[in-house]
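Q: input_25.txt (compact mmCIF, C-alpha atoms) pasted underneath:
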```txt
# COMPACT_ATOMS: atom_id res chain seq x y z
CA MET A 1 13.48 195.94 2.75
CA THR A 2 11.70 198.16 5.26
CA PRO A 3 13.12 198.26 8.74
CA ASP A 4 10.61 197.27 11.39
CA HIS A 5 11.39 199.36 14.42
CA ASP A 6 8.31 198.23 16.28
CA ARG A 7 9.83 194.91 16.98
CA VAL A 8 12.33 196.02 19.51
CA ARG A 9 12.88 193.30 22.05
CA PRO A 10 12.63 194.19 25.74
CA ASP A 11 16.40 193.74 26.09
CA GLY A 12 16.95 196.51 23.56
CA GLY A 13 17.80 194.22 20.64
CA ILE A 14 15.78 194.16 17.48
CA ASP A 15 13.84 191.07 16.66
CA ALA A 16 13.44 191.56 12.95
CA LEU A 17 16.10 191.32 10.32
CA ASP A 18 16.90 194.95 10.00
CA PRO A 19 20.18 195.33 8.18
CA PRO A 20 21.73 198.77 7.99
CA PRO A 21 21.95 200.35 4.55
CA MET A 22 24.74 198.85 2.44
CA ASP A 23 26.53 202.16 2.07
CA VAL A 24 27.45 202.43 5.75
CA MET A 25 30.33 200.14 4.93
CA ASP A 26 32.74 201.24 2.27
CA GLU A 27 36.23 200.50 1.10
CA GLU A 28 37.68 202.95 3.59
CA THR A 29 35.94 201.43 6.64
CA LEU A 30 36.76 197.94 5.50
CA LYS A 31 40.45 198.47 4.93
CA PRO A 32 42.29 195.75 6.82
CA GLU A 33 44.42 198.35 8.58
CA THR A 34 41.34 200.28 9.72
CA LEU A 35 39.74 197.11 11.04
CA ALA A 36 42.97 196.21 12.77
CA GLN A 37 42.98 199.57 14.52
CA ASN A 38 39.47 199.04 15.80
CA ALA A 39 40.08 195.53 17.06
CA PRO A 40 41.71 196.48 20.36
CA ARG A 41 38.98 199.01 21.04
CA LEU A 42 36.31 196.36 20.66
CA GLU A 43 38.27 194.05 22.89
CA THR A 44 38.61 196.61 25.66
CA VAL A 45 34.91 197.31 25.72
CA VAL A 46 34.12 193.62 25.87
CA GLN A 47 36.52 193.34 28.80
CA LEU A 48 34.76 196.15 30.63
CA LEU A 49 31.29 194.78 29.95
CA ASN A 50 32.30 191.36 31.22
CA HIS A 51 34.10 192.62 34.31
CA PRO A 52 32.01 195.12 36.23
CA ALA A 53 34.64 195.38 38.98
CA LEU A 54 37.18 196.44 36.37
CA ALA A 55 34.69 198.84 34.81
CA ARG A 56 34.16 200.38 38.24
CA VAL A 57 37.86 201.23 38.56
CA TYR A 58 37.95 202.52 35.00
CA VAL A 59 34.94 204.81 35.55
CA TYR A 60 36.43 206.08 38.81
CA VAL A 61 39.74 207.00 37.16
CA CYS A 62 37.94 208.46 34.15
CA TYR A 63 35.66 210.65 36.27
CA TRP A 64 37.96 211.67 39.11
CA GLY A 65 41.44 211.34 37.60
CA PRO A 66 44.21 212.09 37.95
CA VAL A 67 44.14 209.79 40.96
CA ALA A 68 46.70 207.63 42.71
CA PRO A 69 46.15 203.93 43.48
CA PRO A 70 45.80 204.45 47.27
CA GLU A 71 42.87 206.76 46.60
CA ILE A 72 41.20 204.06 44.48
CA MET A 73 41.79 201.51 47.21
CA GLU A 74 40.23 203.67 49.84
CA THR A 75 37.26 205.08 47.93
CA LEU A 76 36.26 201.86 46.21
CA ASP A 77 37.08 199.77 49.26
CA LEU A 78 39.40 197.39 47.41
CA SER A 79 42.45 195.55 48.70
CA LYS A 80 45.86 196.77 47.66
CA SER A 81 46.58 193.72 45.51
CA THR A 82 43.19 193.90 43.76
CA THR A 83 43.64 197.60 43.07
CA TYR A 84 47.06 197.11 41.47
CA GLU A 85 45.84 194.09 39.54
CA TYR A 86 42.94 196.07 38.05
CA VAL A 87 45.10 199.10 37.33
CA ASP A 88 47.66 196.93 35.55
CA ARG A 89 44.93 195.34 33.46
CA LEU A 90 43.43 198.72 32.55
CA VAL A 91 46.86 200.04 31.61
CA ASP A 92 47.53 196.94 29.49
CA LEU A 93 44.20 197.42 27.74
CA GLY A 94 45.16 201.00 26.97
CA LEU A 95 42.21 202.35 28.93
CA VAL A 96 44.23 203.98 31.70
CA ASP A 97 47.39 206.06 31.43
CA ARG A 98 49.97 205.74 34.18
CA ASP A 99 52.33 208.59 34.93
CA ASP A 100 55.30 207.10 36.79
CA SER A 101 57.22 210.35 36.98
CA THR A 102 55.55 211.25 40.27
CA ARG A 103 55.23 209.44 43.57
CA PRO A 104 52.68 208.07 43.97
CA GLN A 105 51.96 207.37 40.32
CA GLN A 106 49.05 209.31 38.84
CA LEU A 107 46.37 207.63 36.74
CA THR A 108 44.10 209.15 34.14
CA ALA A 109 41.64 207.65 31.66
CA ASP A 110 40.00 208.97 28.53
CA PRO A 111 36.24 208.49 28.31
CA ILE A 112 35.21 205.95 25.72
CA ILE A 113 32.16 206.01 23.53
CA ILE A 114 30.67 203.45 21.20
CA VAL A 115 27.48 204.30 19.39
CA GLU A 116 25.90 201.97 16.88
CA GLN A 117 22.62 203.37 15.70
CA TYR A 118 21.50 200.33 13.77
CA VAL A 119 21.43 197.86 16.63
CA PRO A 120 21.12 200.24 18.64
CA ILE A 121 24.03 200.25 21.07
CA VAL A 122 25.32 203.12 23.14
CA ILE A 123 28.20 202.65 25.54
CA THR A 124 29.56 205.65 27.43
CA PRO A 125 31.12 206.07 30.88
CA THR A 126 27.59 206.58 32.24
CA VAL A 127 26.55 203.19 30.91
CA LEU A 128 29.68 201.53 32.29
CA HIS A 129 29.02 203.19 35.64
CA ALA A 130 25.50 201.73 35.73
CA LEU A 131 26.94 198.32 34.96
CA ALA A 132 29.69 198.71 37.58
CA LEU A 133 27.18 199.61 40.27
CA GLN A 134 26.23 195.93 40.55
CA GLU A 135 29.45 195.52 42.52
CA ILE A 136 28.07 197.57 45.39
CA ASP A 137 24.30 197.75 44.89
CA GLU A 138 22.17 194.66 45.30
CA ASP A 139 19.22 196.18 43.44
CA VAL A 140 21.35 196.73 40.35
CA GLU A 141 22.86 193.27 40.76
CA TYR A 142 19.39 191.73 40.95
CA PHE A 143 18.21 193.64 37.88
CA ILE A 144 21.19 192.61 35.73
CA ASP A 145 20.96 189.00 36.89
CA ARG A 146 17.35 188.89 35.90
CA TYR A 147 17.24 191.01 32.77
CA GLY A 148 20.76 191.57 31.44
CA ILE A 149 22.78 194.59 30.43
CA GLY A 150 20.60 195.59 27.47
CA LYS A 151 17.63 196.13 29.69
CA LEU A 152 19.76 197.92 32.26
CA ILE A 153 20.64 200.48 29.58
CA ALA A 154 16.95 200.75 28.72
CA ALA A 155 16.21 201.32 32.42
CA LEU A 156 18.94 203.95 32.58
CA ARG A 157 17.36 205.82 29.72
CA GLY A 158 13.95 205.46 31.42
CA ALA A 159 15.39 206.75 34.69
CA GLY A 160 16.73 209.83 32.88
CA LEU A 161 13.35 210.49 31.30
CA HIS A 162 11.70 210.09 34.69
CA VAL A 163 13.92 212.59 36.50
CA ALA A 164 13.30 214.97 33.62
CA GLY A 165 9.56 214.60 34.23
CA LYS A 166 8.93 213.03 30.81
CA THR A 167 7.56 209.73 32.00
CA THR A 168 6.19 208.07 35.10
CA GLN A 169 7.94 205.18 36.75
CA ARG A 170 5.01 202.91 35.97
CA MET A 171 5.30 203.83 32.30
CA VAL A 172 8.97 202.91 32.37
CA ALA A 173 7.96 199.52 33.78
CA ASN A 174 5.58 199.05 30.91
CA ASP A 175 8.03 200.32 28.27
CA ILE A 176 10.83 197.99 29.25
CA ASP A 177 8.55 195.16 30.31
CA VAL A 178 9.51 194.71 33.95
CA ARG A 179 7.33 194.73 37.07
CA GLU A 180 6.45 198.15 38.51
CA THR A 181 8.34 197.35 41.68
CA GLU A 182 11.44 196.56 39.67
CA ALA A 183 11.19 199.73 37.61
CA MET A 184 10.85 201.94 40.69
CA MET A 185 13.70 200.11 42.39
CA ILE A 186 16.10 200.40 39.47
CA ILE A 187 15.21 204.04 38.76
CA TYR A 188 16.22 205.04 42.29
CA ALA A 189 19.27 202.78 42.19
CA LEU A 190 20.48 204.48 39.01
CA LYS A 191 20.04 208.02 40.28
CA PRO A 192 23.71 208.35 41.36
CA VAL A 193 24.75 207.26 37.86
CA LEU A 194 22.74 210.11 36.34
CA ALA A 195 23.89 212.68 38.89
CA VAL A 196 27.57 211.84 38.41
CA GLY A 197 27.31 211.28 34.66
CA ARG A 198 25.78 214.67 34.13
CA GLU A 199 28.80 216.25 35.84
CA HIS A 200 31.62 214.06 34.54
CA ASP A 201 30.67 212.17 31.41
CA PRO A 202 31.45 214.29 28.33
CA PHE A 203 29.27 211.95 26.29
CA PHE A 204 26.23 212.17 28.59
CA GLU A 205 24.24 213.86 25.85
CA TYR A 206 24.58 210.87 23.55
CA LEU A 207 22.31 208.96 25.88
CA PHE A 208 20.06 211.91 26.72
CA PRO A 209 20.14 214.31 23.76
CA ASP A 210 16.61 215.47 24.57
CA VAL A 211 16.58 215.79 28.35
CA HIS A 212 20.16 216.16 29.60
CA ASP A 213 19.56 219.71 30.87
CA GLU A 214 16.13 219.05 32.35
CA MET A 215 17.00 216.48 34.96
CA ASP A 216 16.05 217.11 38.55
CA LEU A 217 19.02 215.58 40.36
CA PRO A 218 21.01 216.43 43.48
CA ASP A 219 24.01 218.65 42.91
CA LEU A 220 27.14 216.87 43.93
CA ASP A 221 29.57 218.39 46.33
CA GLU A 222 32.69 218.47 44.24
CA ASN A 223 34.97 220.22 46.71
CA ASP A 224 37.35 217.34 47.05
CA GLY A 225 36.63 216.05 43.58
CA ALA A 226 35.74 212.56 44.66
CA PRO A 227 33.09 210.66 46.55
CA THR A 228 33.69 209.90 50.18
CA PRO A 229 34.60 206.31 50.94
CA SER A 230 32.41 206.06 54.01
CA SER A 231 29.06 206.69 52.28
CA ASP A 232 26.30 204.37 53.27
CA PRO A 233 25.53 201.95 50.42
CA ASP A 234 21.98 201.46 51.67
CA ARG A 235 19.30 203.37 49.93
CA MET B 1 -0.04 225.54 46.47
CA GLY B 2 -0.79 224.81 50.12
CA SER B 3 0.60 226.36 53.28
CA ASP B 4 4.22 226.37 54.45
CA ALA B 5 4.00 223.13 56.42
CA PRO B 6 2.88 220.47 53.93
CA LEU B 7 1.92 217.87 56.54
CA SER B 8 -0.46 218.40 59.43
CA ALA B 9 -2.55 216.13 61.61
CA ASP B 10 -5.85 217.57 60.38
CA LYS B 11 -5.20 216.51 56.79
CA ASP B 12 -5.41 213.13 55.07
CA VAL B 13 -2.09 212.19 53.51
CA LEU B 14 -2.16 209.83 50.52
CA VAL B 15 1.19 208.37 49.53
CA ASP B 16 2.33 206.91 46.20
CA ALA B 17 4.60 203.87 45.99
CA ASN B 18 7.55 205.78 44.58
CA ILE B 19 7.91 207.74 47.83
CA PHE B 20 8.60 204.50 49.65
CA PHE B 21 11.15 203.50 47.03
CA ALA B 22 12.79 206.90 47.22
CA ILE B 23 13.27 206.73 50.99
CA GLY B 24 14.66 203.21 50.77
CA HIS B 25 15.19 200.76 53.61
CA PRO B 26 14.41 201.67 57.22
CA SER B 27 18.15 201.92 57.96
CA ASN B 28 18.52 204.67 55.35
CA PRO B 29 18.83 208.30 56.55
CA GLN B 30 16.13 209.34 54.07
CA TYR B 31 13.72 206.82 55.55
CA ARG B 32 14.42 208.13 59.05
CA ARG B 33 13.92 211.72 57.96
CA PHE B 34 10.64 210.89 56.28
CA ARG B 35 9.42 208.96 59.32
CA SER B 36 10.19 211.81 61.71
CA ALA B 37 8.55 214.38 59.41
CA VAL B 38 5.40 212.24 59.34
CA GLN B 39 5.43 211.45 63.07
CA ASN B 40 6.19 215.03 64.11
CA ALA B 41 3.22 216.21 62.10
CA GLY B 42 1.03 213.59 63.78
CA VAL B 43 0.09 212.11 60.43
CA VAL B 44 -0.79 208.55 59.40
CA CYS B 45 0.11 207.99 55.72
CA LYS B 46 -2.61 206.34 53.69
CA LEU B 47 -1.30 203.77 51.23
CA PRO B 48 -3.74 202.54 48.59
CA ARG B 49 -3.90 198.75 48.40
CA ARG B 50 -2.55 198.81 44.83
CA VAL B 51 0.43 200.76 46.06
CA ILE B 52 1.09 198.21 48.79
CA GLY B 53 1.07 195.54 46.09
CA GLU B 54 3.64 197.44 44.08
CA LEU B 55 5.81 197.81 47.13
CA GLY B 56 5.91 194.04 47.43
CA GLY B 57 3.05 193.59 49.90
CA PRO B 58 2.50 194.54 53.56
CA GLU B 59 5.34 192.27 54.72
CA THR B 60 8.02 194.20 52.81
CA GLU B 61 10.35 195.62 55.44
CA ARG B 62 9.82 199.30 54.71
CA VAL B 63 6.03 198.87 54.64
CA ARG B 64 5.86 196.54 57.65
CA THR B 65 7.95 198.97 59.70
CA ALA B 66 5.65 201.89 58.85
CA LEU B 67 2.48 199.87 59.57
CA ASP B 68 3.85 198.47 62.84
CA GLU B 69 5.01 201.85 64.03
CA GLY B 70 1.58 203.22 63.28
CA TRP B 71 2.46 205.99 60.84
CA ALA B 72 1.01 204.26 57.78
CA THR B 73 -2.23 202.46 57.03
CA ILE B 74 -3.76 200.67 54.07
CA ILE B 75 -6.78 202.12 52.24
CA ASP B 76 -8.96 200.84 49.41
CA ALA B 77 -8.97 202.18 45.86
CA PRO B 78 -11.85 204.49 44.94
CA SER B 79 -15.06 202.73 44.05
CA PRO B 80 -15.35 202.25 40.29
CA THR B 81 -18.89 203.62 40.54
CA ASP B 82 -17.92 206.88 42.25
CA GLY B 83 -18.54 209.43 39.51
CA ASP B 84 -16.36 212.19 40.95
CA ALA B 85 -13.45 209.85 41.50
CA VAL B 86 -13.75 208.36 38.02
CA ALA B 87 -13.93 211.83 36.45
CA ALA B 88 -10.86 212.94 38.40
CA SER B 89 -8.90 209.84 37.41
CA ASP B 90 -9.85 210.48 33.77
CA ILE B 91 -8.55 214.04 33.89
CA ALA B 92 -5.35 212.84 35.55
CA ARG B 93 -4.92 210.18 32.88
CA ARG B 94 -5.37 212.71 30.07
CA THR B 95 -2.89 215.09 31.67
CA ILE B 96 -0.29 212.36 32.15
CA ALA B 97 -0.76 211.20 28.55
CA ASN B 98 -0.27 214.76 27.40
CA GLU B 99 2.77 215.39 29.60
CA THR B 100 4.49 212.23 28.46
CA ASP B 101 3.42 212.21 24.79
CA GLN B 102 1.72 208.87 25.21
CA ALA B 103 -1.69 207.58 24.22
CA GLU B 104 -4.17 207.63 27.11
CA HIS B 105 -4.47 203.87 27.19
CA GLU B 106 -0.69 203.72 27.74
CA VAL B 107 -1.09 205.50 31.08
CA GLU B 108 -0.84 203.09 33.98
CA LYS B 109 -4.03 202.87 35.99
CA THR B 110 -2.36 203.43 39.34
CA ASP B 111 -0.80 206.67 38.14
CA ALA B 112 -4.29 208.11 37.72
CA ILE B 113 -5.96 206.52 40.74
CA LEU B 114 -4.53 208.90 43.33
CA ALA B 115 -6.42 211.81 41.78
CA GLY B 116 -9.70 209.94 42.22
CA LEU B 117 -8.84 209.00 45.78
CA ALA B 118 -7.91 212.57 46.66
CA ILE B 119 -11.24 213.89 45.41
CA GLN B 120 -13.13 211.17 47.23
CA TYR B 121 -11.34 211.89 50.50
CA VAL B 122 -11.80 215.62 50.43
CA ARG B 123 -15.47 215.26 49.52
CA ASP B 124 -16.40 212.55 52.02
CA ARG B 125 -14.30 213.38 55.03
CA ALA B 126 -14.52 216.36 57.33
CA THR B 127 -10.79 216.95 57.33
CA ALA B 128 -8.97 220.22 56.69
CA GLY B 129 -7.78 218.91 53.36
CA VAL B 130 -5.90 216.21 51.52
CA VAL B 131 -2.20 215.99 50.78
CA VAL B 132 -0.90 213.69 48.05
CA LEU B 133 2.75 212.68 47.98
CA THR B 134 4.26 211.43 44.73
CA ASP B 135 7.69 211.63 43.16
CA ASP B 136 6.38 211.50 39.59
CA LYS B 137 6.08 214.91 37.97
CA PRO B 138 3.53 213.99 35.28
CA ALA B 139 1.37 212.23 37.90
CA ARG B 140 1.63 215.28 40.12
CA LYS B 141 0.45 217.52 37.33
CA GLY B 142 -2.39 215.09 36.58
CA ILE B 143 -3.68 215.29 40.13
CA GLU B 144 -3.37 219.08 40.18
CA ASN B 145 -5.38 219.40 36.96
CA ALA B 146 -8.08 217.06 38.22
CA VAL B 147 -8.31 218.99 41.47
CA ARG B 148 -8.58 222.30 39.63
CA ALA B 149 -11.23 220.99 37.23
CA GLN B 150 -13.37 219.82 40.12
CA GLY B 151 -12.92 223.00 42.13
CA TYR B 152 -11.03 221.59 45.13
CA THR B 153 -7.89 223.68 44.60
CA ASP B 154 -7.71 224.92 48.18
CA ALA B 155 -8.42 221.58 49.77
CA ILE B 156 -5.90 219.35 47.98
CA ALA B 157 -2.15 219.85 47.69
CA VAL B 158 0.38 217.65 45.91
CA TYR B 159 4.00 217.42 47.03
CA GLY B 160 7.16 215.52 46.17
CA LEU B 161 9.54 213.91 48.61
CA ALA B 162 11.88 216.94 48.59
CA ASP B 163 9.02 219.10 49.94
CA ILE B 164 8.83 216.86 53.00
CA ILE B 165 12.43 216.03 53.85
CA GLY B 166 14.31 218.70 51.91
CA ASP B 167 16.52 218.31 48.89
CA ASP B 168 18.72 215.28 48.70
CA PRO B 169 22.11 216.69 49.67
CA GLY B 170 23.82 214.35 47.21
CA ASP B 171 26.44 213.38 49.76
CA SER B 172 24.02 210.84 51.15
CA MET B 173 24.30 208.87 47.91
CA ARG B 174 26.96 206.30 47.37
CA LEU B 175 28.22 207.35 43.97
CA ILE B 176 30.44 204.50 42.86
```
Write out the structure in this file as structure tokens.
A:
Amino acid sequence: MTPDHDRVRPDGGIDALDPPPMDVMDEETLKPETLAQNAPRLETVVQLLNHPALARVYVYVCYWGPVAPPEIMETLDLSKSTTYEYVDRLVDLGLVDRDDSTRPQQLTADPIIIVEQYVPIVITPTVLHALALQEIDEDVEYFIDRYGIGKLIAALRGAGLHVAGKTTQRMVANDIDVRETEAMMIIYALKPVLAVGREHDPFFEYLFPDVHDEMDLPDLDENDGAPTPSSDPDR
Amino acid sequence: MGSDAPLSADKDVLVDANIFFAIGHPSNPQYRRFRSAVQNAGVVCKLPRRVIGELGGPETERVRTALDEGWATIIDAPSPTDGDAVAASDIARRTIANETDQAEHEVEKTDAILAGLAIQYVRDRATAGVVVLTDDKPARKGIENAVRAQGYTDAIAVYGLADIIGDDPGDSMRLI
């Protein structure tokens, strides 16, 4: 059977039956113990994808850790109880490590990456950051409501190509099948994701293997290592 | 290309839609900086009708504000029978296709239209020159090539938003 890569749906999925080659799965990959090891990982990613507010805390800890809960509260503008609830959940999911030997406790998080070339799916901290931005950015919220996460990732890739000068915003609109207004809006909304991801996401190149070092983005002031809580959310 | 001050009252300034998306809502510091740069230079930005459409129409807040305050106005697209404008748009389209590795018919019409408009303005109007503002690098290159091919190099300059209001300091962005 010949794969038909032209039939990529606007949401990033593939319309045609396009099964990966049989040999990607073998006895080793399919060992019950291997599958069992992967199960929690799958679950954690599903949790993050379904809970953008949780993903936002995860990305913050991953990018700017080690951090203490009060810092999260202040920078992300969350209540104390919400902050501790999210941190507890992230610790339970194994996404965040809590060091209780200091006061206040220090939190760190390893970056996660899931790449599935046959679907294709790519999930990195940069992608989770884009998703999490819907918590504070109404343009991102609108876009996800209307088009879903798959198309958001497509827009993120388009935004990266645009800031690298490889495409125009109107071409991105055409490529991902949204209105020009929407493409321009989401490209500017996702700019912080690219600027931060380039600095902090060790897997940034998985999403932008071709253009990661060509992007024209503002350099972030990293003196204090974290964004200021008082920034104006309006763009 | 161009002199040190990109905007001046004796030049026509054509503005692409992405500039208005980049500066954001009128409450945004970038919007305020852009507005004062335009007003201080005594310029009225010319927005092609197609661009207004992309921005969501003349009633969209950021457009309405600019129109009401008198530093923006709406202009028509170049006539489809204007040979110079059509030729310039064609060159821009080819350049953009080349820059982006796309077929020419994949290039969006509006991306190429500004080149035609720029040529038309510099040819028909007794102004000191034309300035085009766009945030799209391939489009910018397309206009520059069209201008060079038609011999208007000194009369038309293309700039991005950073040339007008300076580089985005980064700290103005809400990161997360």
Q: If I take CA of Asp136 in chain B and CA of Gln39 in chain B, how far is one from the other in Å, to one decimal?
A: 23.5 Å
Q: What are the closest atom pairs, with distances in Å to one decimal, for all residues of chain B lying within 6 Å of chain A? Consider only C-alpha atoms, order rows by chain and residue number, and present the result as a Markdown table.
A:
```
| residue | atom | partner | partner_atom | distance |
| --- | --- | --- | --- | --- |
| B:Gly24 | CA | A:Arg235 | CA | 4.7 |
| B:Asn28 | CA | A:Arg235 | CA | 5.6 |
| B:Glu54 | CA | A:Thr181 | CA | 5.3 |
| B:Thr100 | CA | A:Lys166 | CA | 5.1 |
| B:Asp136 | CA | A:Thr168 | CA | 5.7 |
| B:Lys137 | CA | A:Gly165 | CA | 5.1 |
| B:Asp168 | CA | A:Pro218 | CA | 5.8 |
| B:Gly170 | CA | A:Pro218 | CA | 5.1 |
| B:Arg174 | CA | A:Ser231 | CA | 5.4 |
| B:Leu175 | CA | A:Pro192 | CA | 5.3 |
```
Q: Between CA of Gln150 in chain B and CA of Ser89 in chain B, what is the distance in Å, rounded to a tenth?
A: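 Going from CA of Gln150 in chain B over to CA of Ser89 in chain B covers 11.3 Å.
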Q: Work out how far apart CA of Ala118 in chain B and CA of Ala37 in chain B are and give it in Å to one decimal.
A: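 Pair CA of Ala118 in chain B / CA of Ala37 in chain B returns 20.9 Å.
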Q: Could you list as a ChimeraX atom specification every residue that has an atom within 12 Å of (25.6, 201.5, 21.3), using the file's coordinates and counting all atoms listed in the file?
A: /A:12-13,42,45,112-125,127-128,149-150,153-154,206-207
Q: Do you know which residues are at most 10 Å from Ala162 in chain B counting only C-alpha atoms, after dropping those on the same chain fewer than 4 positions away, and could you put them as a compact mmCIF listing (two decimals) with C-alpha atoms, in the frame of the given file?
A:
```
# COMPACT_ATOMS: atom_id res chain seq x y z
CA PHE B 34 10.64 210.89 56.28
CA ASP B 135 7.69 211.63 43.16
CA GLY B 166 14.31 218.70 51.91
CA ASP B 167 16.52 218.31 48.89
CA ASP B 168 18.72 215.28 48.70
```
Q: Using all atoms listed in the file, which residue out of B:Lys46, B:Arg123, B:Arg62, B:Lys109 lies closest to Asp84 in chain B?
A: B:Arg123
Q: Dump as a list in words all residues having an atom at most 9 Å from (5.9, 205.7, 49.6), computed in the file's coordinates with all atoms listed in the file.
A: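 Residues lying no farther than 9 Å from the given point: Val15, Asp16, Ala17, Asn18, Ile19, Phe20, Phe21, Ala22, Ile23, Cys45, Leu47, Val51, Ile52, Leu55, Val63, Leu133, Thr134 and Asp135 of chain B.
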Q: Once 8 Å is added on each side, what are the centre and the three edge lengths, in Å to one decimal, of the axis-aligned box enclosing the listed atoms of range 170-184 of chain A? Present them as JSON.
A:
```
{"center_x": 8.2, "center_y": 199.3, "center_z": 35.0, "size_x": 22.4, "size_y": 25.1, "size_z": 29.4}
```
Q: Can you work out which one of B:Ala115, B:Ala126, B:Ile75, B:Val132 has the shortest atom-to-atom distance to Val13 in chain B, counting all atoms listed in the file?
A: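 Selected residue with least distance to Val13 in chain B: B:Val132.
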Q: Hey, what's within 8 Å of range 80-97 of chain A if we count all atoms listed in the file and toss same-chain stuff fewer than 2 positions away? As number ranges by chain, please?
A: A: 40, 44, 54, 57-58, 61, 69-70, 72-73, 78, 99, 107-110
Q: From the set B:Met173, B:Val44, B:Ala139, B:Val131, which residue has the shortest atom-to-atom contact distance to Val158 in chain B, counting only C-alpha atoms?
A: B:Val131
Q: Which residues, written as a PDB file with C-alpha atoms, in the frame of the given file, have at least one atom at most 8 Å from Lys141 in chain B, with all atoms listed in the file counted and residues fewer than 3 positions away on the same chain left out?
A:
```pdb
ATOM      1  CA  ALA B  92      -5.350 212.840  35.550  1.00  0.00           C
ATOM      2  CA  THR B  95      -2.890 215.090  31.670  1.00  0.00           C
ATOM      3  CA  ILE B  96      -0.290 212.360  32.150  1.00  0.00           C
ATOM      4  CA  LYS B 137       6.080 214.910  37.970  1.00  0.00           C
ATOM      5  CA  PRO B 138       3.530 213.990  35.280  1.00  0.00           C
ATOM      6  CA  GLU B 144      -3.370 219.080  40.180  1.00  0.00           C
ATOM      7  CA  ASN B 145      -5.380 219.400  36.960  1.00  0.00           C
TER       8      ASN B 145
END
```
Q: Output range 75-89 of chain A as a PDB file, in the frame of the given file, making sure N, CA and C atoms are there.
A:
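After the write, out-v3.pdb holds the following:
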```
ATOM      1  N   THR A  75      38.614 204.677  48.315  1.00  0.00           N
ATOM      2  CA  THR A  75      37.260 205.080  47.930  1.00  0.00           C
ATOM      3  C   THR A  75      36.424 203.890  47.478  1.00  0.00           C
ATOM      4  N   LEU A  76      37.034 202.987  46.731  1.00  0.00           N
ATOM      5  CA  LEU A  76      36.260 201.860  46.210  1.00  0.00           C
ATOM      6  C   LEU A  76      36.297 200.658  47.146  1.00  0.00           C
ATOM      7  N   ASP A  77      36.997 200.824  48.262  1.00  0.00           N
ATOM      8  CA  ASP A  77      37.080 199.770  49.260  1.00  0.00           C
ATOM      9  C   ASP A  77      37.616 198.461  48.665  1.00  0.00           C
ATOM     10  N   LEU A  78      38.764 198.568  48.013  1.00  0.00           N
ATOM     11  CA  LEU A  78      39.400 197.390  47.410  1.00  0.00           C
ATOM     12  C   LEU A  78      40.711 197.116  48.154  1.00  0.00           C
ATOM     13  N   SER A  79      41.149 195.869  48.086  1.00  0.00           N
ATOM     14  CA  SER A  79      42.450 195.550  48.700  1.00  0.00           C
ATOM     15  C   SER A  79      43.552 196.120  47.811  1.00  0.00           C
ATOM     16  N   LYS A  80      44.733 196.221  48.407  1.00  0.00           N
ATOM     17  CA  LYS A  80      45.860 196.770  47.660  1.00  0.00           C
ATOM     18  C   LYS A  80      46.173 195.904  46.433  1.00  0.00           C
ATOM     19  N   SER A  81      46.197 194.591  46.633  1.00  0.00           N
ATOM     20  CA  SER A  81      46.580 193.720  45.510  1.00  0.00           C
ATOM     21  C   SER A  81      45.535 193.783  44.392  1.00  0.00           C
ATOM     22  N   THR A  82      44.256 193.808  44.772  1.00  0.00           N
ATOM     23  CA  THR A  82      43.190 193.900  43.760  1.00  0.00           C
ATOM     24  C   THR A  82      43.308 195.215  42.995  1.00  0.00           C
ATOM     25  N   THR A  83      43.529 196.288  43.723  1.00  0.00           N
ATOM     26  CA  THR A  83      43.640 197.600  43.070  1.00  0.00           C
ATOM     27  C   THR A  83      44.752 197.585  42.023  1.00  0.00           C
ATOM     28  N   TYR A  84      45.935 197.093  42.424  1.00  0.00           N
ATOM     29  CA  TYR A  84      47.060 197.110  41.470  1.00  0.00           C
ATOM     30  C   TYR A  84      46.825 196.142  40.311  1.00  0.00           C
ATOM     31  N   GLU A  85      46.153 195.046  40.603  1.00  0.00           N
ATOM     32  CA  GLU A  85      45.840 194.090  39.540  1.00  0.00           C
ATOM     33  C   GLU A  85      44.922 194.743  38.495  1.00  0.00           C
ATOM     34  N   TYR A  86      43.866 195.420  38.971  1.00  0.00           N
ATOM     35  CA  TYR A  86      42.940 196.070  38.050  1.00  0.00           C
ATOM     36  C   TYR A  86      43.617 197.210  37.282  1.00  0.00           C
ATOM     37  N   VAL A  87      44.417 197.989  37.999  1.00  0.00           N
ATOM     38  CA  VAL A  87      45.100 199.100  37.330  1.00  0.00           C
ATOM     39  C   VAL A  87      46.029 198.564  36.242  1.00  0.00           C
ATOM     40  N   ASP A  88      46.768 197.519  36.561  1.00  0.00           N
ATOM     41  CA  ASP A  88      47.660 196.930  35.550  1.00  0.00           C
ATOM     42  C   ASP A  88      46.875 196.465  34.324  1.00  0.00           C
ATOM     43  N   ARG A  89      45.746 195.825  34.587  1.00  0.00           N
ATOM     44  CA  ARG A  89      44.930 195.340  33.460  1.00  0.00           C
ATOM     45  C   ARG A  89      44.416 196.507  32.617  1.00  0.00           C
TER      46      ARG A  89
END
```
